[in-house]
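A.B. asks: Got run.txt for you, compact mmCIF, C-alpha atoms:
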# COMPACT_ATOMS: atom_id res chain seq x y z
CA MET A 20 0.00 0.00 0.00
CA ASP A 21 1.23 3.48 -0.83
CA GLU A 22 2.77 4.97 2.34
CA ASP A 23 1.01 8.32 1.84
CA VAL A 24 -2.37 6.62 1.48
CA LYS A 25 -1.72 4.50 4.57
CA TYR A 26 -0.70 7.58 6.56
CA ASN A 27 -3.85 9.46 5.56
CA GLU A 28 -6.08 6.51 6.38
CA GLU A 29 -4.59 6.28 9.85
CA LYS A 30 -5.21 9.99 10.38
CA ASN A 31 -8.78 9.76 9.10
CA TYR A 32 -10.46 9.04 12.43
CA ILE A 33 -12.92 10.04 15.12
CA LYS A 34 -11.42 9.59 18.58
CA ILE A 35 -13.95 8.43 21.17
CA TRP A 36 -13.99 10.08 24.61
CA PRO A 37 -12.22 7.84 27.19
CA TYR A 38 -14.84 8.14 29.94
CA LEU A 39 -18.08 6.62 28.72
CA ASP A 40 -19.61 6.26 32.17
CA ASP A 41 -20.28 9.88 33.15
CA ILE A 42 -22.24 12.79 31.71
CA SER A 43 -19.10 14.57 30.45
CA GLN A 44 -19.62 12.55 27.24
CA ALA A 45 -22.77 14.56 26.59
CA ILE A 46 -20.81 17.73 25.91
CA ILE A 47 -18.32 16.13 23.51
CA PRO A 48 -19.12 16.93 19.85
CA TYR A 49 -18.32 14.37 17.18
CA SER A 50 -17.92 15.83 13.70
CA ASP A 51 -17.09 14.65 10.20
CA LYS A 52 -15.74 18.09 9.27
CA TYR A 53 -12.18 16.84 8.76
CA LEU A 54 -12.93 13.39 7.39
CA ASN A 55 -12.06 12.42 3.84
CA ASN A 56 -14.42 9.94 2.21
CA LYS A 57 -11.62 8.66 -0.03
CA TRP A 58 -10.20 6.73 2.91
CA ILE A 59 -11.50 4.39 5.55
CA VAL A 60 -12.78 6.24 8.61
CA ASN A 61 -11.48 4.82 11.88
CA LEU A 62 -13.77 4.94 14.90
CA ASN A 63 -11.06 4.91 17.53
CA PHE A 64 -12.20 3.36 20.82
CA SER A 65 -8.66 2.39 21.82
CA GLU A 66 -8.38 4.76 24.80
CA VAL A 67 -11.80 4.16 26.37
CA GLN A 68 -11.21 3.47 30.06
CA ARG A 69 -14.69 3.30 31.58
CA ILE A 70 -18.11 2.58 30.16
CA ASN A 71 -21.77 1.99 31.04
CA SER A 72 -25.02 1.61 29.13
CA SER A 73 -26.61 4.98 29.87
CA ILE A 74 -23.62 6.85 28.42
CA ILE A 75 -22.70 4.52 25.55
CA ALA A 76 -26.30 4.96 24.32
CA ILE A 77 -25.64 8.71 24.08
CA THR A 78 -22.38 8.04 22.23
CA LEU A 79 -24.21 5.75 19.84
CA ALA A 80 -26.79 8.43 19.01
CA LYS A 81 -24.06 11.04 18.48
CA LEU A 82 -22.13 8.84 16.06
CA VAL A 83 -25.15 7.65 14.12
CA SER A 84 -26.59 11.18 13.82
CA VAL A 85 -23.31 12.53 12.41
CA LEU A 86 -22.19 9.63 10.27
CA ALA A 87 -25.20 7.64 9.06
CA LYS A 88 -26.29 8.22 5.48
CA LYS A 89 -22.83 9.57 4.60
CA HIS A 90 -20.60 8.00 1.96
CA TYR A 91 -17.97 6.70 4.33
CA SER A 92 -16.56 3.26 4.96
CA PHE A 93 -15.69 2.55 8.57
CA LYS A 94 -13.34 0.48 10.65
CA LEU A 95 -13.49 0.16 14.42
CA ILE A 96 -10.30 0.33 16.48
CA VAL A 97 -11.19 -1.80 19.47
CA PRO A 98 -10.44 -0.71 23.05
CA GLU A 99 -7.20 -1.83 24.65
CA ASN A 100 -9.16 -2.45 27.85
CA GLU A 101 -10.54 -5.99 27.55
CA SER A 102 -13.61 -5.38 29.74
CA VAL A 103 -14.55 -2.30 27.71
CA LYS A 104 -14.19 -4.29 24.49
CA ASN A 105 -16.47 -6.99 25.90
CA PHE A 106 -18.94 -4.32 27.01
CA LEU A 107 -19.32 -2.99 23.46
CA HIS A 108 -20.34 -6.49 22.45
CA ASP A 109 -22.54 -7.39 25.42
CA SER A 110 -24.42 -4.08 25.42
CA GLY A 111 -25.48 -4.56 21.80
CA PHE A 112 -23.55 -1.45 20.74
CA LEU A 113 -21.70 -3.30 17.97
CA SER A 114 -24.77 -4.98 16.52
CA ILE A 115 -26.74 -1.72 16.53
CA ILE A 116 -24.06 0.50 15.01
CA ASN A 117 -23.50 -2.12 12.33
CA ASN A 118 -27.10 -1.49 11.20
CA TYR A 119 -26.38 2.17 10.48
CA LEU A 120 -22.81 2.52 9.26
CA ASN A 121 -21.01 1.02 6.27
CA PHE A 122 -18.14 -1.02 7.68
CA SER A 123 -15.46 -1.96 5.18
CA ASN A 124 -14.34 -5.52 4.50
CA THR A 125 -11.31 -4.40 2.50
CA ILE A 126 -8.91 -3.18 5.20
CA GLY A 127 -10.10 -5.07 8.22
CA ASP A 128 -13.59 -5.63 9.49
CA LEU A 129 -15.39 -4.09 12.44
CA PHE A 130 -15.82 -7.48 14.03
CA GLU A 131 -12.46 -9.07 13.22
CA GLU A 132 -11.57 -9.06 16.94
CA VAL A 133 -15.06 -9.19 18.44
CA GLU A 134 -17.55 -11.93 17.68
CA ILE A 135 -20.96 -10.39 16.98
CA ILE A 136 -24.26 -11.89 18.08
CA ASP A 137 -27.80 -10.60 18.24
CA ILE A 138 -28.65 -9.87 21.87
CA LYS A 139 -32.01 -11.11 23.10
CA ARG A 140 -33.43 -8.12 24.94
CA ASP A 141 -35.64 -10.19 27.22
CA THR A 142 -32.82 -12.21 28.80
CA LYS A 143 -29.47 -10.45 28.60
CA LYS A 144 -27.86 -8.32 31.28
CA PHE A 145 -24.37 -8.22 32.71
CA SER A 146 -23.02 -7.25 36.11
CA ILE A 147 -19.68 -6.28 37.59
CA LEU A 148 -19.05 -6.82 41.30
CA ASP A 149 -16.38 -4.69 42.97
CA LYS A 150 -15.46 -7.07 45.81
CA THR A 151 -13.43 -4.44 47.66
CA ALA A 152 -16.30 -2.01 48.08
CA ASN A 153 -19.04 -4.65 47.67
CA ILE A 154 -20.58 -2.59 44.87
CA LYS A 155 -22.65 -4.34 42.22
CA LYS A 156 -22.98 -2.55 38.87
CA THR A 157 -25.58 -3.94 36.50
CA SER A 158 -25.78 -2.66 32.95
CA PHE A 159 -28.58 -3.63 30.60
CA PRO A 160 -28.29 -3.90 26.80
CA ILE A 161 -29.10 -0.76 24.85
CA PHE A 162 -32.75 -0.90 23.90
CA HIS A 163 -33.19 0.09 20.25
CA LEU A 164 -36.51 1.87 19.76
CA ILE A 165 -37.24 1.44 16.06
CA TYR A 166 -39.82 3.85 14.68
CA ASN A 167 -42.58 2.16 12.68
CA PRO A 168 -44.84 4.71 10.92
CA ASN A 169 -47.52 2.03 10.48
CA ASN A 170 -47.56 1.23 14.19
CA VAL A 171 -45.98 4.01 16.24
CA ARG A 172 -46.64 2.17 19.51
CA GLU A 173 -44.97 -1.10 18.47
CA SER A 174 -41.49 -0.30 19.80
CA VAL A 175 -42.83 1.49 22.88
CA ASP A 176 -44.93 -1.56 23.77
CA LYS A 177 -41.87 -3.80 23.44
CA PHE A 178 -39.88 -1.40 25.59
CA SER A 179 -42.61 -1.33 28.24
CA ASN A 180 -42.68 -5.12 28.40
CA TRP A 181 -38.88 -5.23 28.59
CA LEU A 182 -38.92 -2.82 31.56
CA ASP A 183 -41.52 -4.95 33.32
CA ASP A 184 -39.74 -8.23 32.71
CA ASN A 185 -36.12 -7.25 33.29
CA ILE A 186 -35.51 -3.90 34.96
CA LEU A 187 -38.05 -3.05 37.61
CA SER A 188 -37.83 -6.39 39.41
CA VAL A 189 -34.21 -5.55 40.37
CA LEU A 190 -35.60 -2.65 42.43
CA ASP A 191 -38.14 -4.73 44.36
CA ASN A 192 -35.79 -4.93 47.35
CA TYR A 193 -35.57 -1.14 47.60
CA GLU A 194 -37.94 1.69 48.45
CA VAL A 195 -38.52 2.83 44.88
CA LYS A 196 -41.86 3.93 43.47
CA THR A 197 -41.52 1.60 40.52
CA ASP A 198 -44.96 2.44 39.15
CA ILE A 199 -43.97 6.11 38.79
CA LEU A 200 -40.53 5.22 37.43
CA TYR A 201 -42.20 2.96 34.86
CA SER A 202 -44.50 5.81 33.85
CA VAL A 203 -41.61 8.28 33.43
CA LEU A 204 -39.54 5.90 31.29
CA THR A 205 -42.42 4.78 29.06
CA GLU A 206 -43.64 8.37 28.58
CA ILE A 207 -40.14 9.41 27.51
CA ALA A 208 -40.05 6.55 25.01
CA LYS A 209 -43.55 7.40 23.81
CA ASN A 210 -42.70 11.10 23.51
CA SER A 211 -39.63 10.27 21.47
CA GLN A 212 -41.50 8.06 19.01
CA ASP A 213 -44.47 10.46 18.70
CA HIS A 214 -42.58 13.68 18.16
CA THR A 215 -39.37 12.75 16.40
CA GLU A 216 -40.62 9.97 14.12
CA SER A 217 -37.10 8.54 14.29
CA ASN A 218 -35.22 5.76 16.05
CA ALA A 219 -33.91 6.11 19.58
CA PHE A 220 -31.61 4.35 22.06
CA PHE A 221 -32.33 3.67 25.74
CA GLY A 222 -29.49 2.85 28.14
CA ILE A 223 -30.02 1.76 31.77
CA ASP A 224 -27.62 1.00 34.64
CA ILE A 225 -28.24 0.08 38.27
CA ILE A 226 -25.54 0.52 40.94
CA GLU A 227 -26.11 -1.24 44.27
CA ASN A 228 -24.11 -0.98 47.49
CA LEU A 229 -24.67 -4.44 48.96
CA ASP A 230 -23.60 -3.29 52.45
CA THR A 231 -25.69 -0.13 52.84
CA LYS A 232 -28.57 -1.39 50.65
CA ARG A 233 -28.54 1.90 48.77
CA GLY A 234 -27.90 2.64 45.15
CA GLU A 235 -28.53 4.60 41.98
CA PHE A 236 -30.62 4.07 38.87
CA LEU A 237 -29.14 5.73 35.77
CA PHE A 238 -30.72 6.05 32.35
CA SER A 239 -30.58 7.95 29.09
CA CYS A 240 -32.84 8.14 26.08
CA SER A 241 -31.21 9.49 22.92
CA ASP A 242 -33.04 9.92 19.66
CA MET A 243 -32.09 11.11 16.22
CA GLY A 244 -34.83 13.69 15.91
CA LYS A 245 -34.22 17.43 15.68
CA GLY A 246 -35.03 18.13 19.33
CA ILE A 247 -37.89 19.80 21.19
CA SER A 248 -36.94 23.43 20.63
CA LYS A 249 -36.60 23.11 16.85
CA THR A 250 -39.70 20.91 16.61
CA ILE A 251 -41.79 23.53 18.41
CA ARG A 252 -40.50 26.38 16.24
CA THR A 253 -41.35 24.40 13.11
CA PHE A 254 -44.79 23.51 14.46
CA LEU A 255 -45.65 27.11 15.39
CA ARG A 256 -44.46 28.36 12.01
CA GLU A 257 -46.88 25.99 10.28
CA ASN A 258 -49.73 26.05 12.83
CA HIS A 259 -50.79 29.42 14.18
CA GLN A 260 -51.86 29.44 17.84
CA GLU A 261 -54.52 31.90 18.94
CA ASP A 262 -52.59 32.89 22.07
CA LEU A 263 -49.45 33.75 20.07
CA ARG A 264 -48.71 36.28 17.36
CA PRO A 265 -48.27 34.77 13.86
CA ASP A 266 -44.51 35.28 13.75
CA ALA A 267 -43.87 34.13 17.33
CA TRP A 268 -41.83 31.17 16.09
CA LYS A 269 -39.15 33.59 14.83
CA HIS A 270 -38.58 35.11 18.24
CA LEU A 271 -38.87 32.18 20.64
CA SER A 272 -35.87 31.59 22.88
CA PHE A 273 -34.82 28.13 24.01
CA THR A 274 -36.60 28.80 27.32
CA ASP A 275 -39.76 30.00 25.53
CA CYS A 276 -39.93 26.75 23.59
CA TYR A 277 -39.63 24.64 26.71
CA LYS A 278 -42.12 26.68 28.67
CA TRP A 279 -44.58 26.03 25.84
CA ALA A 280 -43.69 22.32 25.80
CA PHE A 281 -44.12 22.02 29.57
CA THR A 282 -47.58 23.60 29.51
CA LEU A 283 -50.39 21.10 29.95
CA GLY A 284 -52.37 20.63 26.72
CA LYS A 285 -49.68 22.02 24.41
CA THR A 286 -48.50 19.58 21.75
CA SER A 287 -46.78 19.66 18.38
CA LYS A 288 -48.83 16.66 17.28
CA LYS A 289 -52.42 16.63 16.07
CA PRO A 290 -55.26 14.83 17.92
CA PRO A 291 -55.62 12.29 19.48
CA ASN A 292 -52.40 13.48 21.14
CA MET A 293 -53.51 15.48 24.20
CA GLY A 294 -50.30 17.25 25.18
CA ILE A 295 -49.90 15.62 28.59
CA GLY A 296 -46.76 13.52 28.02
CA MET A 297 -44.19 16.13 29.06
CA THR A 298 -46.25 17.03 32.11
CA MET A 299 -46.36 13.37 33.15
CA ILE A 300 -42.58 13.08 32.72
CA ILE A 301 -41.89 16.19 34.80
CA ASP A 302 -44.40 15.35 37.53
CA GLY A 303 -43.13 11.79 37.78
CA ALA A 304 -39.45 12.78 37.89
CA CYS A 305 -40.12 15.40 40.56
CA ASN A 306 -42.27 13.00 42.58
CA LEU A 307 -39.36 10.54 42.59
CA ASN A 308 -36.90 13.32 43.45
CA MET A 309 -35.00 12.28 40.33
CA ASP A 310 -32.27 14.43 38.83
CA LEU A 311 -33.46 14.73 35.23
CA SER A 312 -31.86 16.80 32.49
CA ILE A 313 -32.75 17.40 28.85
CA TRP A 314 -29.98 18.09 26.36
CA ASP A 315 -31.07 19.88 23.22
CA ALA A 316 -29.45 22.05 20.51
CA GLU A 317 -26.56 23.79 22.36
CA SER A 318 -28.13 23.71 25.80
CA MET A 319 -28.80 21.54 28.82
CA MET A 320 -31.82 22.06 31.05
CA LEU A 321 -32.16 20.69 34.57
CA ILE A 322 -35.79 19.88 35.16
CA PRO A 323 -36.75 22.09 38.13
CA LYS A 324 -38.40 20.12 40.91
CA SER A 325 -40.35 23.27 41.79
CA LEU A 326 -42.55 22.65 38.72
CA TYR A 327 -44.12 19.80 40.65
CA LEU A 328 -43.92 21.17 44.19
CA TYR A 329 -44.76 24.80 43.40
CA PRO A 330 -46.51 25.02 40.02
CA GLU A 331 -47.25 28.70 40.58
CA SER A 332 -43.50 29.37 40.27
CA PHE A 333 -43.49 28.05 36.70
CA ASN A 334 -42.20 31.07 34.77
CA HIS A 335 -39.46 32.07 32.34
CA GLU A 336 -37.18 33.40 35.05
CA GLU A 337 -37.16 30.11 36.98
CA LEU A 338 -36.60 28.09 33.81
CA ARG A 339 -33.69 30.30 32.69
CA LYS A 340 -31.88 29.53 35.95
CA LYS A 341 -31.94 25.87 34.97
CA VAL A 342 -30.60 26.25 31.41
CA PHE A 343 -26.89 26.01 30.64
CA ASN A 344 -25.14 26.76 27.36
CA THR A 345 -22.90 23.85 26.34
CA GLY A 346 -21.06 25.69 23.58
CA ASN A 347 -21.58 22.68 21.30
CA LYS A 348 -24.41 21.07 19.40
CA VAL A 349 -25.14 18.24 21.78
CA GLY A 350 -27.95 16.38 20.00
CA PHE A 351 -31.12 15.51 21.91
CA TYR A 352 -31.46 13.21 24.88
CA TYR A 353 -32.74 12.78 28.40
CA TYR A 354 -30.41 11.78 31.23
CA GLY A 355 -31.76 10.74 34.62
CA ARG A 356 -30.25 9.77 37.97
CA LEU A 357 -32.38 8.35 40.78
CA LYS A 358 -30.91 7.58 44.19
CA PHE A 359 -32.62 4.90 46.26
Output the file's structure in the form of structure tokens.
C.D. replies:
Amino acid sequence: MDEDVKYNEEKNYIKIWPYLDDISQAIIPYSDKYLNNKWIVNLNFSEVQRINSSIIAITLAKLVSVLAKKHYSFKLIVPENESVKNFLHDSGFLSIINNYLNFSNTIGDLFEEVEIIDIKRDTKKFSILDKTANIKKTSFPIFHLIYNPNNVRESVDKFSNWLDDNILSVLDNYEVKTDILYSVLTEIAKNSQDHTESNAFFGIDIIENLDTKRGEFLFSCSDMGKGISKTIRTFLRENHQEDLRPDAWKHLSFTDCYKWAFTLGKTSKKPPNMGIGMTMIIDGACNLNMDLSIWDAESMMLIPKSLYLYPESFNHEELRKKVFNTGNKVGFYYYGRLKF
């Protein structure tokens, strides 16, 4: 192989963030700005040190949103860390990303070092026990919500059954309002399928301290839609609302869009959608005392618990306090953390 071509192929890469188990990944932008489609694109996972399902699901959405439907051929550089490499397989990450990206068979294959199987969502989970601290970390396979325009509830129903059969039973030994948690998660999945009309990825982890009988429930839902703020602007441009001036969509801030979305009865979908999904998500998360954030466009919003406790305080000023500029286009996803 020509040395210059080989050199350029090796430089033609996207380097994956090393810490795929904390929310810092959410701020990292992946871009194809400097990629050359003449050469194989390397997805470089070699330096990944830590990983879990709730964060790798976000990474998956970022990569697919940027790279799918582009004329690239890909190769995956597997992690040096053996447990991380196994995680990419066991979580279903490899099988899912293989559905979206064009992996080359000419200069090495994505799966040349990792056997690929189809994970059965109703049975598979994997745990890591830290014997020193007696901490059990259970990660569940990424749930792939596949949008079906002929049956928009199909994937949500499968997800709901999967939650019932595999996730919530783990929390039976703890004081967790599993009925409310179930409602929050299914409403997020439903909201994603209804409003984005695109596929999404759900990642869930449970961390248990076997000595103190306390723990954390972590989850993310990442979809490939255009996000709430842009969806609402588009909707208001095409559907005039009597309580807004005709050109309101031009002047809405990020906070304006979310205040509209959080208002009971407001929806960007036509009937029979009733505009109660976001309210149910917020009320449920606040009732659980869950830390819930929504990442959208170039911002992150912490869902204010006061919306549930003190609905009269629901105003622009309070919402603005909860919005942070990320400085990057972050995509769209929910990230939740529930202590129990």
A.B. asks: Taking 6 positions as the minimum chain separation for residues in the same chain, which residues sit within 12 Å of Asn167 of chain A when counting all atoms listed in the file? Answer as an NGL selection string.
C.D. replies: :A and (173-176 or 212-213 or 215-219)
A.B. asks: Which distance in Å separates atom CA of Leu357 of chain A and atom CA of Leu307 of chain A, to one decimal?
C.D. replies: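 Calculated distance between atom CA of Leu357 of chain A and atom CA of Leu307 of chain A is 7.5 Å.
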A.B. asks: Find the residue from A:Gly355, A:Ile154, A:Ile199, A:Leu263 that sits nearest to Phe236 of chain A; use only C-alpha atoms when measuring.
C.D. replies: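 Between A:Gly355, A:Ile154, A:Ile199, A:Leu263, the residue approaching Phe236 of chain A most closely is A:Gly355.
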A.B. asks: Here is a test: counting only C-alpha atoms, which residue of A:Leu200, A:Met243, A:Ile116, A:Ile300 is nearest to Tyr166 of chain A?
C.D. replies: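 Between A:Leu200, A:Met243, A:Ile116, A:Ile300, the residue approaching Tyr166 of chain A most closely is A:Met243.
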A.B. asks: Identify, on the basis of only C-alpha atoms, every residue whose closest approach to Asp275 of chain A does not exceed 12 Å; exclude the query and any residue fewer than 2 positions from it along the same chain; express the result as a list in words.
C.D. replies: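 Once the adjacent positions are removed, what remains is Ile247, Ser248, Lys249, Ile251, Arg252, Leu263, Ala267, Trp268, Lys269, His270, Leu271, Ser272, Phe273, Tyr277, Lys278, Trp279, Ala280, Phe281, Thr282, Phe333, Asn334, His335, Glu336, Glu337, Leu338, Arg339 and Val342 of chain A.
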A.B. asks: How many Å separate atom CA of Ile161 of chain A from atom CA of Gly303 of chain A?
C.D. replies: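 Rounded to one decimal, the two atoms are 22.8 Å apart.
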A.B. asks: When distances are computed from all atoms listed in the file, which of A:Ser65, A:Asn71, A:Asn192, A:Ser179 shows the smallest separation from Ile42 of chain A?
C.D. replies: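 So, comparing all the options, the nearest one is A:Asn71.
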A.B. asks: Just the number, please: distance in Å from atom CA of Glu101 of chain A to atom CA of Asn31 of chain A, one decimal.
C.D. replies: 24.3 Å
A.B. asks: Nearest residue to Lys232 of chain A out of A:Lys341, A:Lys177, A:Lys358, A:His108, using only C-alpha atoms?
C.D. replies: A:Lys358
A.B. asks: Have a look at A:Asn55, A:Asn153, A:Ser158, A:Ser312 and name the one nearest to Phe106 of chain A; count all atoms listed in the file.
C.D. replies: A:Ser158
A.B. asks: If we count only C-alpha atoms and set the cut-off at 12 Å, which residues sit around Ile115 of chain A, ignoring sequence neighbours fewer than 4 positions away in its own chain? Please answer as a count of residues only.
C.D. replies: 26
